[in-house]
Amino acid sequence: MSEKISYEPFFCFINKLKEEERKTGNRHLLDFHFYNATNIALSISKAISDIDNRENGIKSKLIQSFLDIKYKKELSLNEKTKRFEQLVQLISEVSVLQCVCNIDWPAGSTFEYEPKAPNGKRPEFKVETDNTTYIFEVKAPSLIDHKAKRTNNIFQMPYRYHSEIFKNVKELYGGVTLPKDNPIKDFLLSAQDKFSSFSKEKEVISILVVVWDSHMYEATAPLVNQFNGLLTENNWFGIEKIKDVDGVIVVNKMDYIINDLMSQHVTGIPGNIEIKQGDMPNVFAANVRGKKVPEFIISAFNSFDASHIKPEDWIGADYAPLDMVMWTQMPQIKKVSSEEFSNKIQIPYKQKLMITTTLTPPYLE
């Protein structure tokens, strides 16, 4: 796909945001960014443009999805945090769809946003080639409260152990950050429900994409650890329950998205949310019971295959399926509450809106 973007989604966003504010008197979480052409606004516009190039008409649906995340000054802090996380999750979805649409698919391939399965469920995206149907589901967890706990606790358990081990660790270290395997389990079961009823007249490859932050081990450890990994035969809730999920791609993008939402920098260079070669890599993990996911998809997501990798060959501790994590610098770190985290992420939206009278996005090479 071209590095240039169509500015049509960008200006469409601005018109819709102004129209919404005139009608309701309320601002939108993205209005600052689009009125000032910040990096995240340009990145979202480019992503929507790339997706719309594959399925004409999807642009208006995606823009409306953003507009549906309503914001009111009177909302409680908890509700504002939920809206912010919804925004992060939607940007995550758009980032993944952009990556799927930028794959060099065979001529004649068809694309469908939120295709309806026979059971009525709707995964995120379907690509159909002559011989194969590819189905993608996208998930992004709510991590703000978890980030606060992770910051405050000395000890972290990346995946679930025997209850006695947990009890001993808690007695020894006090606060313990628990694994995030339950949300990942829920993502897998939800994806299975959406994938299971698609026609098997041709081969169907079904992939769950999970967008995470830079602590990638929190997702890789529950998925592939050999004790009870969710994609292994030792899956603690039953590997047969996710037999149609052929693999999971964990994308290291959430921190980029949040940082861009909190930033007011205008460099005229979209791309932080785009999944591309040269960035920090992502991780692919195959379901031991699933069909083989083609290498071109794994590569397009800038991923390495973690299914059979040796522990010593992982690129770094942030990615490896660790058994335990101890934060040795914790005594020097000021404890924070989830409310303080929530306050921090609201900063860009509390500042005075700087609306330019002659808004011209910078030219992109």
# chains A, B, ... in the order shown; residues from 1 in each chain; ligands from 1

call {"tool": "select_by_dssp", "arguments": {"residues": "range 54-303 of chain A", "states": "alpha helix (DSSP H)", "output": "PyMOL selection string"}}
result
chain A and resi 54+58-67+77-101+144-152+163-173+181-195+217-224+254-262+295-300

call {"tool": "residues_around", "arguments": {"residues": "Leu67 in chain A", "least_positions_apart": "5", "cutoff": "8 Å", "atoms": "only C-alpha atoms", "output": "ChimeraX atom specification"}}
result
/A:16-17,28

call {"tool": "closest_atom_pairs", "arguments": {"of": "range 54-83 of chain A", "to": "range 29-40 of chain A", "cutoff": "10 Å", "atoms": "only C-alpha atoms", "output": "CSV"}}
result
residue,atom,partner,partner_atom,distance
A:Phe66,CA,A:Leu30,CA,8.6
A:Leu67,CA,A:Leu30,CA,9.1
A:Ile69,CA,A:Leu29,CA,8.2
A:Lys70,CA,A:Leu29,CA,8.0
A:Tyr71,CA,A:Leu29,CA,6.6
A:Lys72,CA,A:Leu29,CA,9.5
A:Lys80,CA,A:Leu29,CA,9.6
A:Arg83,CA,A:Leu29,CA,8.5

call {"tool": "write_last_selection", "arguments": {"atoms": "N, CA, C and O atoms", "output": "PDB file, in the first residue's frame"}}
result
ATOM      1  N   PHE A  66     -16.155   5.471  15.997  1.00  0.00           N
ATOM      2  CA  PHE A  66     -15.435   6.407  16.865  1.00  0.00           C
ATOM      3  C   PHE A  66     -16.394   7.424  17.477  1.00  0.00           C
ATOM      4  O   PHE A  66     -16.314   7.734  18.671  1.00  0.00           O
ATOM      5  N   LEU A  67     -17.310   7.936  16.668  1.00  0.00           N
ATOM      6  CA  LEU A  67     -18.249   8.943  17.165  1.00  0.00           C
ATOM      7  C   LEU A  67     -19.179   8.374  18.231  1.00  0.00           C
ATOM      8  O   LEU A  67     -19.671   9.107  19.095  1.00  0.00           O
ATOM      9  N   ILE A  69     -18.423   6.614  20.677  1.00  0.00           N
ATOM     10  CA  ILE A  69     -17.806   6.664  22.009  1.00  0.00           C
ATOM     11  C   ILE A  69     -18.029   8.076  22.545  1.00  0.00           C
ATOM     12  O   ILE A  69     -17.259   8.995  22.289  1.00  0.00           O
ATOM     13  N   LYS A  70     -19.111   8.253  23.251  1.00  0.00           N
ATOM     14  CA  LYS A  70     -19.540   9.580  23.691  1.00  0.00           C
ATOM     15  C   LYS A  70     -18.725  10.057  24.893  1.00  0.00           C
ATOM     16  O   LYS A  70     -18.240   9.262  25.694  1.00  0.00           O
ATOM     17  N   TYR A  71     -18.601  11.366  24.998  1.00  0.00           N
ATOM     18  CA  TYR A  71     -17.869  11.966  26.116  1.00  0.00           C
ATOM     19  C   TYR A  71     -18.675  13.126  26.669  1.00  0.00           C
ATOM     20  O   TYR A  71     -19.201  13.953  25.915  1.00  0.00           O
ATOM     21  N   LYS A  72     -18.793  13.172  27.995  1.00  0.00           N
ATOM     22  CA  LYS A  72     -19.428  14.299  28.672  1.00  0.00           C
ATOM     23  C   LYS A  72     -18.555  14.715  29.844  1.00  0.00           C
ATOM     24  O   LYS A  72     -18.012  13.869  30.559  1.00  0.00           O
ATOM     25  N   LYS A  80     -15.281   7.921  32.552  1.00  0.00           N
ATOM     26  CA  LYS A  80     -14.344   8.519  31.592  1.00  0.00           C
ATOM     27  C   LYS A  80     -13.232   7.535  31.244  1.00  0.00           C
ATOM     28  O   LYS A  80     -12.807   7.436  30.092  1.00  0.00           O
ATOM     29  N   ARG A  83     -14.515   5.006  28.810  1.00  0.00           N
ATOM     30  CA  ARG A  83     -14.616   5.552  27.453  1.00  0.00           C
ATOM     31  C   ARG A  83     -13.230   5.621  26.805  1.00  0.00           C
ATOM     32  O   ARG A  83     -13.071   5.350  25.615  1.00  0.00           O
TER      33      ARG A  83
END

call {"tool": "closest_atom_pairs", "arguments": {"of": "range 92-114 of chain A", "to": "range 285-296 of chain A", "cutoff": "10 Å", "atoms": "only C-alpha atoms", "output": "tab-separated table"}}
result
residue	atom	partner	partner_atom	distance
A:Ile103	CA	A:Phe296	CA	8.3
A:Asp104	CA	A:Phe296	CA	9.0
A:Trp105	CA	A:Phe296	CA	9.7

call {"tool": "residues_around", "arguments": {"residues": "Gln89 in chain A", "least_positions_apart": "6", "cutoff": "12 Å", "atoms": "only C-alpha atoms", "output": "MDAnalysis selection string"}}
result
chainID A and resid 65:66 69 82:83 95:96 138:143 210:213 253:255 257:258 273

call {"tool": "select_by_dssp", "arguments": {"residues": "range 109-317 of chain A", "states": "strand (DSSP E or B)", "output": "short mmCIF file (atom, residue, chain, number, x, y, z; two decimals) with all heavy atoms, in the first residue's frame"}}
result
data_model
loop_
_atom_site.label_atom_id
_atom_site.label_comp_id
_atom_site.auth_asym_id
_atom_site.auth_seq_id
_atom_site.Cartn_x
_atom_site.Cartn_y
_atom_site.Cartn_z
N THR A 110 -11.71 -11.24 -1.92
CA THR A 110 -12.79 -10.37 -1.47
C THR A 110 -12.63 -10.09 0.02
O THR A 110 -12.07 -10.90 0.77
CB THR A 110 -14.16 -10.99 -1.73
OG1 THR A 110 -14.26 -12.24 -1.03
CG2 THR A 110 -14.36 -11.23 -3.22
N PHE A 111 -13.16 -8.94 0.45
CA PHE A 111 -12.97 -8.48 1.83
C PHE A 111 -14.32 -8.10 2.42
O PHE A 111 -15.16 -7.50 1.75
CB PHE A 111 -12.02 -7.28 1.85
CG PHE A 111 -10.70 -7.55 1.18
CD1 PHE A 111 -10.56 -7.39 -0.19
CD2 PHE A 111 -9.61 -7.97 1.92
CE1 PHE A 111 -9.35 -7.65 -0.82
CE2 PHE A 111 -8.39 -8.24 1.30
CZ PHE A 111 -8.27 -8.08 -0.07
N GLU A 112 -14.49 -8.44 3.69
CA GLU A 112 -15.77 -8.13 4.34
C GLU A 112 -15.53 -7.76 5.80
O GLU A 112 -14.93 -8.53 6.56
CB GLU A 112 -16.73 -9.31 4.25
CG GLU A 112 -18.13 -8.99 4.77
CD GLU A 112 -19.10 -10.14 4.58
OE1 GLU A 112 -18.71 -11.18 4.00
OE2 GLU A 112 -20.26 -10.00 5.02
N TYR A 113 -16.01 -6.59 6.17
CA TYR A 113 -15.93 -6.12 7.55
C TYR A 113 -17.11 -6.66 8.35
O TYR A 113 -18.25 -6.60 7.91
CB TYR A 113 -15.94 -4.59 7.56
CG TYR A 113 -15.95 -3.94 8.92
CD1 TYR A 113 -14.93 -4.17 9.83
CD2 TYR A 113 -16.99 -3.07 9.28
CE1 TYR A 113 -14.94 -3.57 11.08
CE2 TYR A 113 -17.00 -2.46 10.52
CZ TYR A 113 -15.97 -2.71 11.42
OH TYR A 113 -15.98 -2.11 12.66
N PHE A 125 -13.18 -9.38 10.62
CA PHE A 125 -12.87 -9.24 9.20
C PHE A 125 -12.73 -10.61 8.55
O PHE A 125 -12.30 -11.57 9.19
CB PHE A 125 -11.56 -8.46 9.04
CG PHE A 125 -11.47 -7.65 7.78
CD1 PHE A 125 -12.26 -6.53 7.59
CD2 PHE A 125 -10.59 -8.00 6.77
CE1 PHE A 125 -12.17 -5.77 6.43
CE2 PHE A 125 -10.48 -7.25 5.60
CZ PHE A 125 -11.28 -6.13 5.44
N LYS A 126 -13.11 -10.66 7.28
CA LYS A 126 -12.97 -11.90 6.51
C LYS A 126 -12.34 -11.57 5.16
O LYS A 126 -12.71 -10.60 4.50
CB LYS A 126 -14.33 -12.57 6.28
CG LYS A 126 -14.24 -13.88 5.49
CD LYS A 126 -15.60 -14.55 5.36
CE LYS A 126 -16.46 -13.87 4.31
NZ LYS A 126 -17.67 -14.65 3.96
N VAL A 127 -11.36 -12.39 4.79
CA VAL A 127 -10.74 -12.30 3.47
C VAL A 127 -10.95 -13.65 2.79
O VAL A 127 -10.63 -14.69 3.36
CB VAL A 127 -9.24 -11.99 3.55
CG1 VAL A 127 -8.65 -11.90 2.14
CG2 VAL A 127 -8.99 -10.71 4.33
N GLU A 128 -11.48 -13.61 1.58
CA GLU A 128 -11.76 -14.85 0.87
C GLU A 128 -10.96 -14.89 -0.42
O GLU A 128 -11.07 -14.00 -1.27
CB GLU A 128 -13.26 -14.96 0.58
CG GLU A 128 -13.67 -16.35 0.18
CD GLU A 128 -15.06 -16.73 0.69
OE1 GLU A 128 -15.66 -15.95 1.45
OE2 GLU A 128 -15.52 -17.81 0.31
N THR A 132 -9.16 -20.40 0.02
CA THR A 132 -9.14 -20.32 1.48
C THR A 132 -9.93 -19.11 1.97
O THR A 132 -9.94 -18.05 1.34
CB THR A 132 -7.69 -20.21 2.00
OG1 THR A 132 -6.89 -21.24 1.40
CG2 THR A 132 -7.63 -20.34 3.51
N THR A 133 -10.58 -19.29 3.11
CA THR A 133 -11.23 -18.19 3.82
C THR A 133 -10.40 -17.88 5.06
O THR A 133 -10.10 -18.79 5.85
CB THR A 133 -12.66 -18.55 4.23
OG1 THR A 133 -13.43 -18.82 3.06
CG2 THR A 133 -13.31 -17.42 5.01
N TYR A 134 -10.03 -16.62 5.23
CA TYR A 134 -9.27 -16.18 6.40
C TYR A 134 -10.17 -15.30 7.26
O TYR A 134 -10.75 -14.32 6.77
CB TYR A 134 -8.03 -15.39 5.98
CG TYR A 134 -7.05 -16.19 5.15
CD1 TYR A 134 -7.15 -16.22 3.76
CD2 TYR A 134 -6.03 -16.92 5.75
CE1 TYR A 134 -6.26 -16.96 2.99
CE2 TYR A 134 -5.13 -17.66 4.99
CZ TYR A 134 -5.26 -17.67 3.61
OH TYR A 134 -4.37 -18.40 2.85
N ILE A 135 -10.29 -15.65 8.53
CA ILE A 135 -11.15 -14.89 9.44
C ILE A 135 -10.29 -14.33 10.57
O ILE A 135 -9.47 -15.05 11.15
CB ILE A 135 -12.27 -15.77 10.01
CG1 ILE A 135 -13.02 -16.49 8.89
CG2 ILE A 135 -13.25 -14.93 10.82
CD1 ILE A 135 -14.01 -17.52 9.37
N PHE A 136 -10.51 -13.07 10.88
CA PHE A 136 -9.73 -12.39 11.91
C PHE A 136 -10.67 -11.83 12.98
O PHE A 136 -11.69 -11.21 12.66
CB PHE A 136 -8.91 -11.24 11.32
CG PHE A 136 -7.89 -11.67 10.31
CD1 PHE A 136 -8.23 -11.84 8.97
CD2 PHE A 136 -6.58 -11.93 10.70
CE1 PHE A 136 -7.28 -12.24 8.03
CE2 PHE A 136 -5.63 -12.34 9.77
CZ PHE A 136 -5.98 -12.50 8.44
N GLU A 137 -10.31 -12.05 14.22
CA GLU A 137 -10.99 -11.43 15.35
C GLU A 137 -9.95 -10.62 16.13
O GLU A 137 -8.80 -11.05 16.29
CB GLU A 137 -11.63 -12.49 16.25
CG GLU A 137 -12.21 -11.98 17.55
CD GLU A 137 -13.44 -11.09 17.36
OE1 GLU A 137 -13.77 -10.71 16.22
OE2 GLU A 137 -14.07 -10.75 18.38
N VAL A 138 -10.34 -9.44 16.62
CA VAL A 138 -9.41 -8.55 17.30
C VAL A 138 -9.91 -8.28 18.72
O VAL A 138 -11.10 -8.00 18.92
CB VAL A 138 -9.26 -7.21 16.55
CG1 VAL A 138 -8.18 -6.35 17.21
CG2 VAL A 138 -8.95 -7.44 15.08
N LYS A 139 -9.00 -8.37 19.67
CA LYS A 139 -9.33 -8.07 21.06
C LYS A 139 -8.22 -7.22 21.68
O LYS A 139 -7.05 -7.34 21.31
CB LYS A 139 -9.46 -9.36 21.88
CG LYS A 139 -10.60 -10.28 21.45
CD LYS A 139 -11.96 -9.69 21.78
CE LYS A 139 -13.07 -10.69 21.49
NZ LYS A 139 -14.41 -10.11 21.75
N PHE A 155 5.94 -8.45 43.25
CA PHE A 155 5.94 -9.78 42.61
C PHE A 155 4.78 -9.89 41.63
O PHE A 155 3.68 -9.40 41.88
CB PHE A 155 5.81 -10.87 43.69
CG PHE A 155 6.18 -12.24 43.21
CD1 PHE A 155 7.48 -12.69 43.28
CD2 PHE A 155 5.22 -13.08 42.67
CE1 PHE A 155 7.83 -13.96 42.84
CE2 PHE A 155 5.55 -14.35 42.22
CZ PHE A 155 6.86 -14.79 42.31
N GLN A 156 5.06 -10.55 40.50
CA GLN A 156 4.03 -10.75 39.48
C GLN A 156 4.05 -12.19 39.01
O GLN A 156 5.11 -12.78 38.77
CB GLN A 156 4.27 -9.82 38.28
CG GLN A 156 3.20 -9.93 37.21
CD GLN A 156 3.36 -8.88 36.12
OE1 GLN A 156 4.34 -8.15 36.08
NE2 GLN A 156 2.38 -8.81 35.24
N VAL A 176 0.63 -9.17 45.22
CA VAL A 176 1.06 -9.93 44.05
C VAL A 176 0.16 -9.56 42.87
O VAL A 176 -1.06 -9.53 43.00
CB VAL A 176 0.95 -11.46 44.30
CG1 VAL A 176 1.32 -12.23 43.05
CG2 VAL A 176 1.84 -11.86 45.47
N THR A 177 0.77 -9.24 41.74
CA THR A 177 0.01 -8.96 40.53
C THR A 177 -0.37 -10.28 39.88
O THR A 177 0.51 -11.07 39.51
CB THR A 177 0.83 -8.11 39.54
OG1 THR A 177 1.23 -6.90 40.19
CG2 THR A 177 -0.01 -7.77 38.31
N GLU A 203 -11.08 -24.40 2.79
CA GLU A 203 -10.29 -24.32 4.02
C GLU A 203 -10.51 -22.97 4.71
O GLU A 203 -10.54 -21.92 4.06
CB GLU A 203 -8.80 -24.49 3.72
CG GLU A 203 -7.95 -24.50 4.98
CD GLU A 203 -6.48 -24.70 4.69
OE1 GLU A 203 -5.99 -24.15 3.69
OE2 GLU A 203 -5.82 -25.40 5.48
N VAL A 204 -10.70 -23.01 6.02
CA VAL A 204 -10.89 -21.80 6.81
C VAL A 204 -9.73 -21.68 7.80
O VAL A 204 -9.47 -22.60 8.58
CB VAL A 204 -12.23 -21.83 7.58
CG1 VAL A 204 -12.36 -20.58 8.45
CG2 VAL A 204 -13.40 -21.93 6.62
N ILE A 205 -9.03 -20.56 7.75
CA ILE A 205 -7.97 -20.25 8.70
C ILE A 205 -8.47 -19.12 9.59
O ILE A 205 -8.82 -18.04 9.10
CB ILE A 205 -6.66 -19.82 7.99
CG1 ILE A 205 -6.18 -20.92 7.04
CG2 ILE A 205 -5.59 -19.46 9.01
CD1 ILE A 205 -5.75 -22.19 7.73
N SER A 206 -8.51 -19.37 10.89
CA SER A 206 -9.09 -18.40 11.83
C SER A 206 -8.03 -17.93 12.82
O SER A 206 -7.38 -18.75 13.48
CB SER A 206 -10.25 -19.05 12.59
OG SER A 206 -11.22 -19.54 11.68
N ILE A 207 -7.89 -16.62 12.93
CA ILE A 207 -6.79 -16.05 13.72
C ILE A 207 -7.34 -15.01 14.69
O ILE A 207 -8.08 -14.10 14.30
CB ILE A 207 -5.75 -15.39 12.80
CG1 ILE A 207 -5.21 -16.42 11.80
CG2 ILE A 207 -4.60 -14.78 13.61
CD1 ILE A 207 -4.55 -15.80 10.60
N LEU A 208 -6.97 -15.15 15.94
CA LEU A 208 -7.27 -14.15 16.96
C LEU A 208 -6.06 -13.23 17.10
O LEU A 208 -4.94 -13.71 17.28
CB LEU A 208 -7.57 -14.84 18.30
CG LEU A 208 -7.66 -13.93 19.53
CD1 LEU A 208 -8.82 -12.94 19.42
CD2 LEU A 208 -7.79 -14.77 20.81
N VAL A 209 -6.29 -11.93 17.01
CA VAL A 209 -5.22 -10.95 17.21
C VAL A 209 -5.51 -10.19 18.50
O VAL A 209 -6.58 -9.60 18.65
CB VAL A 209 -5.11 -9.97 16.03
CG1 VAL A 209 -3.92 -9.03 16.23
CG2 VAL A 209 -4.98 -10.72 14.71
N VAL A 210 -4.56 -10.24 19.42
CA VAL A 210 -4.72 -9.56 20.72
C VAL A 210 -3.70 -8.43 20.79
O VAL A 210 -2.50 -8.66 20.63
CB VAL A 210 -4.50 -10.54 21.89
CG1 VAL A 210 -4.64 -9.81 23.22
CG2 VAL A 210 -5.50 -11.70 21.81
N VAL A 211 -4.18 -7.23 21.02
CA VAL A 211 -3.29 -6.07 21.15
C VAL A 211 -2.96 -5.87 22.62
O VAL A 211 -3.86 -5.75 23.46
CB VAL A 211 -3.94 -4.80 20.56
CG1 VAL A 211 -3.02 -3.60 20.71
CG2 VAL A 211 -4.28 -5.02 19.08
N TRP A 212 -1.66 -5.85 22.94
CA TRP A 212 -1.19 -5.77 24.33
C TRP A 212 -0.24 -4.58 24.46
O TRP A 212 0.06 -3.89 23.49
CB TRP A 212 -0.48 -7.07 24.70
CG TRP A 212 -0.62 -7.42 26.16
CD1 TRP A 212 0.24 -7.11 27.17
CD2 TRP A 212 -1.69 -8.14 26.77
NE1 TRP A 212 -0.22 -7.59 28.37
CE2 TRP A 212 -1.42 -8.22 28.15
CE3 TRP A 212 -2.87 -8.70 26.27
CZ2 TRP A 212 -2.27 -8.86 29.05
CZ3 TRP A 212 -3.72 -9.35 27.16
CH2 TRP A 212 -3.42 -9.42 28.53
N GLY A 247 -4.64 -19.91 15.62
CA GLY A 247 -3.46 -19.28 16.20
C GLY A 247 -3.80 -17.91 16.76
O GLY A 247 -4.87 -17.36 16.49
N VAL A 248 -2.88 -17.40 17.57
CA VAL A 248 -3.05 -16.09 18.19
C VAL A 248 -1.83 -15.24 17.87
O VAL A 248 -0.69 -15.70 18.00
CB VAL A 248 -3.21 -16.21 19.72
CG1 VAL A 248 -3.33 -14.82 20.36
CG2 VAL A 248 -4.41 -17.07 20.08
N ILE A 249 -2.08 -14.01 17.44
CA ILE A 249 -1.00 -13.04 17.25
C ILE A 249 -1.14 -11.98 18.34
O ILE A 249 -2.21 -11.38 18.49
CB ILE A 249 -1.07 -12.38 15.86
CG1 ILE A 249 -0.87 -13.43 14.76
CG2 ILE A 249 0.00 -11.28 15.73
CD1 ILE A 249 -1.07 -12.90 13.35
N VAL A 250 -0.08 -11.80 19.11
CA VAL A 250 -0.07 -10.77 20.16
C VAL A 250 0.72 -9.58 19.63
O VAL A 250 1.90 -9.71 19.27
CB VAL A 250 0.56 -11.30 21.47
CG1 VAL A 250 0.45 -10.23 22.57
CG2 VAL A 250 -0.11 -12.59 21.91
N VAL A 251 0.06 -8.44 19.58
CA VAL A 251 0.64 -7.24 18.96
C VAL A 251 1.05 -6.24 20.03
O VAL A 251 0.25 -5.88 20.91
CB VAL A 251 -0.38 -6.59 17.99
CG1 VAL A 251 0.15 -5.27 17.45
CG2 VAL A 251 -0.70 -7.54 16.84
N ASN A 252 2.28 -5.79 19.95
CA ASN A 252 2.85 -4.85 20.92
C ASN A 252 2.57 -3.42 20.47
O ASN A 252 3.45 -2.73 19.96
CB ASN A 252 4.36 -5.11 21.03
CG ASN A 252 5.06 -4.20 22.02
OD1 ASN A 252 4.43 -3.37 22.67
ND2 ASN A 252 6.37 -4.34 22.12
N ASN A 282 6.17 -8.58 17.01
CA ASN A 282 5.00 -9.15 17.66
C ASN A 282 5.20 -10.66 17.76
O ASN A 282 6.20 -11.19 17.29
CB ASN A 282 3.75 -8.77 16.87
CG ASN A 282 3.64 -7.27 16.70
OD1 ASN A 282 3.71 -6.52 17.68
ND2 ASN A 282 3.48 -6.80 15.47
N VAL A 283 4.25 -11.34 18.36
CA VAL A 283 4.42 -12.77 18.63
C VAL A 283 3.24 -13.56 18.07
O VAL A 283 2.08 -13.19 18.27
CB VAL A 283 4.52 -13.03 20.15
CG1 VAL A 283 4.64 -14.53 20.43
CG2 VAL A 283 5.71 -12.29 20.75
N PHE A 284 3.56 -14.64 17.36
CA PHE A 284 2.54 -15.58 16.91
C PHE A 284 2.66 -16.87 17.71
O PHE A 284 3.77 -17.37 17.93
CB PHE A 284 2.69 -15.90 15.42
CG PHE A 284 1.84 -17.07 14.99
CD1 PHE A 284 0.47 -16.91 14.80
CD2 PHE A 284 2.39 -18.33 14.81
CE1 PHE A 284 -0.33 -17.98 14.44
CE2 PHE A 284 1.60 -19.41 14.44
CZ PHE A 284 0.24 -19.24 14.25
N ALA A 285 1.52 -17.40 18.15
CA ALA A 285 1.50 -18.68 18.85
C ALA A 285 0.43 -19.55 18.21
O ALA A 285 -0.73 -19.14 18.09
CB ALA A 285 1.22 -18.49 20.33
N ALA A 286 0.81 -20.75 17.79
CA ALA A 286 -0.12 -21.66 17.13
C ALA A 286 -0.89 -22.48 18.16
O ALA A 286 -0.37 -22.84 19.22
CB ALA A 286 0.64 -22.60 16.20
N SER A 303 5.76 -10.68 13.06
CA SER A 303 5.74 -11.59 14.21
C SER A 303 6.79 -12.68 14.08
O SER A 303 7.17 -13.06 12.97
CB SER A 303 4.36 -12.25 14.34
OG SER A 303 3.34 -11.30 14.46
N PHE A 304 7.22 -13.20 15.20
CA PHE A 304 8.01 -14.42 15.20
C PHE A 304 7.18 -15.52 15.85
O PHE A 304 6.34 -15.26 16.70
CB PHE A 304 9.36 -14.24 15.89
CG PHE A 304 9.29 -13.90 17.36
CD1 PHE A 304 9.26 -14.90 18.32
CD2 PHE A 304 9.28 -12.58 17.78
CE1 PHE A 304 9.20 -14.59 19.67
CE2 PHE A 304 9.22 -12.26 19.12
CZ PHE A 304 9.18 -13.27 20.07
N ASP A 305 7.42 -16.74 15.41
CA ASP A 305 6.61 -17.88 15.85
C ASP A 305 7.14 -18.39 17.19
O ASP A 305 8.27 -18.88 17.28
CB ASP A 305 6.66 -18.98 14.79
CG ASP A 305 5.65 -20.09 15.05
OD1 ASP A 305 5.19 -20.22 16.20
OD2 ASP A 305 5.32 -20.82 14.10
#

call {"tool": "residues_around", "arguments": {"residues": "Met157 in chain A", "least_positions_apart": "3", "cutoff": "9 Å", "atoms": "only C-alpha atoms", "output": "ChimeraX atom specification"}}
result
/A:160-161,166,176-179,218,322-326

call {"tool": "write_last_selection", "arguments": {"atoms": "N, CA and C atoms", "output": "mmCIF file, in the first residue's frame"}}
result
data_model
loop_
_atom_site.group_PDB
_atom_site.id
_atom_site.type_symbol
_atom_site.label_atom_id
_atom_site.label_comp_id
_atom_site.auth_asym_id
_atom_site.auth_seq_id
_atom_site.Cartn_x
_atom_site.Cartn_y
_atom_site.Cartn_z
ATOM 1 N N ARG A 160 -1.091 -18.802 35.881
ATOM 2 C CA ARG A 160 -1.582 -19.360 37.141
ATOM 3 C C ARG A 160 -0.793 -20.596 37.565
ATOM 4 N N TYR A 161 -0.490 -20.624 38.860
ATOM 5 C CA TYR A 161 0.179 -21.775 39.456
ATOM 6 C C TYR A 161 -0.801 -22.481 40.380
ATOM 7 N N PHE A 166 0.712 -19.751 45.099
ATOM 8 C CA PHE A 166 0.234 -18.371 45.175
ATOM 9 C C PHE A 166 0.141 -17.910 46.628
ATOM 10 N N VAL A 176 0.631 -9.168 45.220
ATOM 11 C CA VAL A 176 1.056 -9.933 44.051
ATOM 12 C C VAL A 176 0.165 -9.555 42.871
ATOM 13 N N THR A 177 0.774 -9.237 41.743
ATOM 14 C CA THR A 177 0.010 -8.961 40.526
ATOM 15 C C THR A 177 -0.365 -10.285 39.880
ATOM 16 N N LEU A 178 -1.660 -10.518 39.758
ATOM 17 C CA LEU A 178 -2.150 -11.801 39.254
ATOM 18 C C LEU A 178 -2.066 -11.859 37.732
ATOM 19 N N PRO A 179 -2.049 -13.067 37.179
ATOM 20 C CA PRO A 179 -1.972 -13.208 35.718
ATOM 21 C C PRO A 179 -3.225 -12.698 35.028
ATOM 22 N N GLU A 218 2.935 -11.048 29.618
ATOM 23 C CA GLU A 218 1.638 -11.239 30.271
ATOM 24 C C GLU A 218 0.657 -11.969 29.365
ATOM 25 N N LEU A 322 7.538 -15.959 30.937
ATOM 26 C CA LEU A 322 8.229 -16.070 32.220
ATOM 27 C C LEU A 322 7.380 -16.819 33.248
ATOM 28 N N ASP A 323 8.068 -17.508 34.171
ATOM 29 C CA ASP A 323 7.377 -18.183 35.266
ATOM 30 C C ASP A 323 7.006 -17.203 36.371
ATOM 31 N N MET A 324 7.861 -16.230 36.597
ATOM 32 C CA MET A 324 7.585 -15.228 37.624
ATOM 33 C C MET A 324 8.400 -13.974 37.334
ATOM 34 N N VAL A 325 7.929 -12.851 37.880
ATOM 35 C CA VAL A 325 8.610 -11.571 37.684
ATOM 36 C C VAL A 325 8.730 -10.893 39.039
ATOM 37 N N MET A 326 9.934 -10.429 39.354
ATOM 38 C CA MET A 326 10.139 -9.660 40.577
ATOM 39 C C MET A 326 10.722 -8.303 40.194
#

call {"tool": "atom_distance", "arguments": {"atom1": "CA of Gly108 in chain A", "atom2": "CA of Lys243 in chain A"}}
result
29.1 Å

call {"tool": "atom_distance", "arguments": {"atom1": "CA of Glu20 in chain A", "atom2": "CA of Asn272 in chain A"}}
result
27.3 Å

call {"tool": "closest_residue", "arguments": {"among": "A:Thr232, A:Thr220, A:Asn15, A:Gln98", "to": "Pro158 in chain A", "atoms": "only C-alpha atoms"}}
result
A:Thr220

call {"tool": "closest_residue", "arguments": {"among": "A:Gln277, A:Asn119, A:Ser60, A:Asn259", "to": "Val88 in chain A", "atoms": "only C-alpha atoms"}}
result
A:Asn259

call {"tool": "atom_distance", "arguments": {"atom1": "CA of Ala47 in chain A", "atom2": "CA of Lys276 in chain A"}}
result
12.2 Å
